[in-house]
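The block underneath contains the structure these notes are about, expressed in structure tokens.
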Amino acid sequence: MSETAFKPLGRNGMAARAALDIPEGWYVNLGIGIPTLIADHIPAEREVIIHSENGVLGVGPAQEAHRPNPWLVNASTHRVTIRPGGAFVDHADSFAMVRGGHLDLCVLGGFQVAENGDLANWAHSATEAGRQIGGAMDLAVGAKRVWVVMEHNTKDGAPRILKHCAYPLTAARCVSRVYTSLAVLDVTERGFIVVDIIPGLSFEELQARSEATLHRA
Amino acid sequence: MIDKFVRSMAEAMNGIRDGSTILIPGFGEVGQPNALLEGLIEQGATNLTLVVNSAGRVLPPGAPPNGHVARLIDAGRVKKVITSFVRANSTAGAWVKAGKLEAEVIPQGTLAERIRAAGAGVPAFFTPTGANTLVAEGKEVREYNGRPCILELALPGDVALIEAWSADRWGNLVFRDSARNFNPIMAMAGRLTIVQTAHVVDLGQIPANEVITPGIFVDRILRVPANEPVLPGQGSNS
């Protein structure tokens, strides 16, 4: 099979693509890693309210160097600002926003997504010494919509778009859309439906990089 | 006259026993009561269970423990952590791997809700968070609203160590920005709630509409110098 020329999206490219689909008025939690970058790609005039699980609703841009405030950080412990209209809450109220179904969207990083919407994004095995769950399980279960942003394949070229997740689950049947370095995929009753492919890559070439069967829109 | 201020760290730490469960707020050390943790290290109680969002930062190989939680673990004073993060390359991760520290790693919202429930007199609750995952192992499952939910137990502390921005003598508290995080719910869930505060104000100076934690949840208050929180990557070892 001859390969056509194509250029996978980088971290900012994926973030920018996902940002296109977030409308004004949504309350959104952005997970650690690539999802955090999405905030930089939402135009300032589009009022999207960013929630950070450490108790900040209405997260604004990064702090200016000459006006540091070490008491105001986001979930990645980056120093951020709060927008006019924002609110600080305690951790129980912050997770009430998450678990009570009040967020329109959360965008998470991922290791693997299965065609039934299962997500694995916190561990590579059941026995590793480090365990980092954080807020991912609460977000995956609680938000009205869960999108995942991730590289389409691992560094070794293994697929992450799978029939079944091999890694420990974050939550079952929670993902509705995946933004990868190669495509945008909807998770539906039929499985993965391809919404968008980057220029220069064919449907068949995308399928070859995915374990799960892909369907045309 | 009610006056919950204590005059010394020794008085603040008085009576904390071996085997206690200690509630420690903070998110990346923002809102973490480091002066009181320093006092706990001095005080000497051991065989502790720590309830803390993160069990400590990633360490370069060979580096000394970074942060107060890591120092307590490294001093052999902790038998168990209940947390949402144990990083593999941290003091806690190394102790877990060596079989010298028990770790109960749970979703952050479940951690917060278990603490809130303890403070509110709710002994247990069902939640869909963690269903169908490793977190559900050994837990009762029931279906509500068509979703599997797992039984989670309230998580009270023998002691809560709290970082406030401002306090009055009744124990009314306000917090600064995102340093609020686990502080109000841990203050509610501690059988003995000890506060460090950067600022002291007269009764009534915190308007009743703006009190975040009312004094009923507070037992002791110690005034400490206002120190900026230390964030990961800033390299403080204290």
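Within each chain, counting starts at residue 1; across the structure tokens, chains are named A, B, ... in the order shown, with ligands numbered 1 upward in that order.
Residues in contact range of segment 67-75 of chain A, defined as at most 6 Å between only C-alpha atoms, with sequence neighbours fewer than 5 positions away removed, read Ser52, Asn54 and Val80 of chain A; Val30, Asp177, Ser178 and Ala179 of chain B.
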With N, CA and C atoms retained, could you export that selection as a PDB file, in the first residue's frame?
ATOM      1  N   SER A  52     -12.283  24.027  36.840  1.00  0.00           N
ATOM      2  CA  SER A  52     -11.105  23.272  37.248  1.00  0.00           C
ATOM      3  C   SER A  52     -11.429  22.587  38.564  1.00  0.00           C
ATOM      4  N   ASN A  54     -10.091  21.687  41.215  1.00  0.00           N
ATOM      5  CA  ASN A  54      -9.628  22.150  42.513  1.00  0.00           C
ATOM      6  C   ASN A  54     -10.440  23.341  43.029  1.00  0.00           C
ATOM      7  N   VAL A  80      -2.963  30.380  37.209  1.00  0.00           N
ATOM      8  CA  VAL A  80      -3.943  30.904  36.255  1.00  0.00           C
ATOM      9  C   VAL A  80      -4.641  32.107  36.865  1.00  0.00           C
TER      10      VAL A  80
ATOM     11  N   VAL B  30      -1.096  24.132  47.398  1.00  0.00           N
ATOM     12  CA  VAL B  30      -1.926  25.321  47.586  1.00  0.00           C
ATOM     13  C   VAL B  30      -3.030  24.935  48.569  1.00  0.00           C
ATOM     14  N   ASP B 177      -8.614  32.226  47.523  1.00  0.00           N
ATOM     15  CA  ASP B 177      -8.666  31.722  46.146  1.00  0.00           C
ATOM     16  C   ASP B 177      -8.757  30.192  46.110  1.00  0.00           C
ATOM     17  N   SER B 178      -7.933  29.556  45.275  1.00  0.00           N
ATOM     18  CA  SER B 178      -8.065  28.098  45.145  1.00  0.00           C
ATOM     19  C   SER B 178      -7.438  27.350  46.313  1.00  0.00           C
ATOM     20  N   ALA B 179      -6.934  28.064  47.329  1.00  0.00           N
ATOM     21  CA  ALA B 179      -6.462  27.401  48.549  1.00  0.00           C
ATOM     22  C   ALA B 179      -7.628  26.899  49.405  1.00  0.00           C
TER      23      ALA B 179
END
Looking only at the backbone, which of the residues in segment 34-138 of chain A does DSSP tag as strand (DSSP E), as a PyMOL selection string?
chain A and resi 49-52+56-62+80-88+105-109+112-114+119-120+131-132
Exercise: Asn29 of chain A partners within 7 Å, only C-alpha atoms, chain neighbours under 5 positions left out, as number ranges by chain:
A: 50-52, 105-107
Output N, CA, C and O atoms of each residue in that selection to a file, as a CSV table (one decimal), in the first residue's frame.
chain,number,residue,atom,x,y,z
A,50,ILE,N,-14.8,27.7,32.0
A,50,ILE,CA,-13.9,26.6,32.3
A,50,ILE,C,-13.9,26.3,33.7
A,50,ILE,O,-13.7,27.1,34.6
A,51,HIS,N,-14.2,25.0,34.1
A,51,HIS,CA,-14.2,24.5,35.4
A,51,HIS,C,-12.9,23.8,35.7
A,51,HIS,O,-12.4,23.0,34.8
A,52,SER,N,-12.3,24.0,36.8
A,52,SER,CA,-11.1,23.3,37.2
A,52,SER,C,-11.4,22.6,38.6
A,52,SER,O,-12.0,23.2,39.5
A,105,LEU,N,-19.6,19.5,29.3
A,105,LEU,CA,-18.5,18.7,28.6
A,105,LEU,C,-17.3,18.6,29.5
A,105,LEU,O,-16.9,19.5,30.2
A,106,CYS,N,-16.7,17.4,29.4
A,106,CYS,CA,-15.3,17.3,29.9
A,106,CYS,C,-14.5,16.7,28.8
A,106,CYS,O,-15.0,15.9,28.0
A,107,VAL,N,-13.3,17.2,28.6
A,107,VAL,CA,-12.4,16.7,27.6
A,107,VAL,C,-11.2,16.1,28.4
A,107,VAL,O,-10.5,16.8,29.2
If you take only C-alpha atoms and a cut-off of 6 Å, which residues of chain A touch chain B, and what are their nearest atom pairs and distances in Å to one decimal, in chain and number order, as a tab-separated table?
residue	atom	partner	partner_atom	distance
A:Asn54	CA	B:Asn181	CA	5.7
A:Gly55	CA	B:Asn181	CA	5.8
A:Trp71	CA	B:Ala179	CA	5.8
A:Leu72	CA	B:Ser178	CA	5.1
A:Asp90	CA	B:Asn181	CA	4.5
A:His91	CA	B:Asn181	CA	4.8
A:Ala92	CA	B:Ala112	CA	5.3
A:Phe95	CA	B:Gly109	CA	5.3
A:Ala129	CA	B:Ala88	CA	5.5
A:Gly130	CA	B:Ala88	CA	3.7
A:Arg131	CA	B:Val86	CA	5.0
A:Gln132	CA	B:Phe85	CA	4.3
A:Ile133	CA	B:Ser84	CA	5.5
A:Gly134	CA	B:Ser84	CA	4.9
A:Gly135	CA	B:Gln108	CA	4.8
A:Met137	CA	B:Thr129	CA	5.9
A:Asp138	CA	B:Thr129	CA	5.3
A:Val141	CA	B:Thr129	CA	5.9
A:Leu169	CA	B:Thr133	CA	5.5
Spatial neighbours of segment 164-172 of chain B, 7 Å, only C-alpha atoms, chain gap at least 2 places, as an MDAnalysis selection string:
chainID B and resid 2:5 162 174:176 195:203 211 213:215 218
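Non-sequential neighbours of Leu37 of chain B (distance at most 10 Å, separation of 5 or more positions within a chain, only C-alpha atoms) are B:Met13, B:Ile24, B:Gln32, B:Glu42, B:Gln43, B:Gly67, B:His68, B:Val69, B:Arg71, B:Leu72, B:Leu161, B:Ile162.
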So that I can check the surroundings of Thr180 of chain A, please list as a ChimeraX atom specification every protein, DNA and RNA residue that reaches within 12 Å of it, counting only C-alpha atoms and ignoring chain neighbours fewer than 4 positions away.
/A:8-18,34-35,108-113,147-154,159-161,184-186,194-198,206,209-210
Can you list, as a VMD selection string, every residue of segment 5-238 of chain B that DSSP puts in alpha helix (DSSP H)?
chain B and resid 9 to 13 34 to 43 68 to 74 91 to 97 108 to 120 183 to 189
Keeping only C-alpha atoms, write those residues as a short mmCIF file (atom, residue, chain, number, x, y, z; two decimals), in the first residue's frame.
data_model
loop_
_atom_site.label_atom_id
_atom_site.label_comp_id
_atom_site.auth_asym_id
_atom_site.auth_seq_id
_atom_site.Cartn_x
_atom_site.Cartn_y
_atom_site.Cartn_z
CA MET B 9 2.64 24.82 68.19
CA ALA B 10 3.02 22.39 71.10
CA GLU B 11 -0.41 23.44 72.35
CA ALA B 12 -1.84 23.10 68.84
CA MET B 13 -0.49 19.54 68.48
CA ASN B 34 2.61 23.25 56.08
CA ALA B 35 3.26 24.93 59.44
CA LEU B 36 0.99 22.43 61.19
CA LEU B 37 2.58 19.53 59.26
CA GLU B 38 5.96 20.77 60.46
CA GLY B 39 4.47 20.71 63.97
CA LEU B 40 3.20 17.15 63.46
CA ILE B 41 6.65 16.03 62.33
CA GLU B 42 8.08 17.57 65.54
CA GLN B 43 5.28 16.21 67.74
CA HIS B 68 5.82 17.54 54.18
CA VAL B 69 3.72 14.49 53.30
CA ALA B 70 6.78 12.82 51.75
CA ARG B 71 8.84 13.71 54.82
CA LEU B 72 6.31 12.10 57.16
CA ILE B 73 6.34 8.96 55.00
CA ASP B 74 10.13 8.94 54.76
CA THR B 91 8.60 8.86 48.09
CA ALA B 92 5.12 7.37 48.55
CA GLY B 93 5.44 5.33 45.35
CA ALA B 94 8.77 3.89 46.47
CA TRP B 95 7.40 2.99 49.92
CA VAL B 96 4.31 1.35 48.39
CA LYS B 97 6.51 -0.63 46.00
CA GLN B 108 -10.87 12.56 43.76
CA GLY B 109 -14.60 13.30 43.84
CA THR B 110 -15.26 10.16 45.86
CA LEU B 111 -12.51 11.27 48.26
CA ALA B 112 -14.15 14.69 48.63
CA GLU B 113 -17.65 13.25 49.00
CA ARG B 114 -16.54 10.66 51.60
CA ILE B 115 -15.06 13.51 53.64
CA ARG B 116 -18.12 15.73 53.17
CA ALA B 117 -20.37 12.80 54.17
CA ALA B 118 -18.37 12.26 57.35
CA GLY B 119 -18.79 15.91 58.30
CA ALA B 120 -22.51 15.81 57.53
CA ASN B 183 -10.17 22.87 53.77
CA PRO B 184 -13.89 23.49 54.51
CA ILE B 185 -14.94 19.83 54.20
CA MET B 186 -11.96 18.53 56.17
CA ALA B 187 -12.69 21.08 58.92
CA MET B 188 -16.19 19.53 59.12
CA ALA B 189 -14.91 15.94 59.13
#
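Residue nearest Arg83 of chain A, chosen from A:Gly191, A:Pro168, A:Gly142, A:Gly58 and counting only C-alpha atoms: A:Gly58.
Pairwise distance (atom CA of Leu50 of chain B, atom CA of Pro156 of chain B) equals 11.3 Å.
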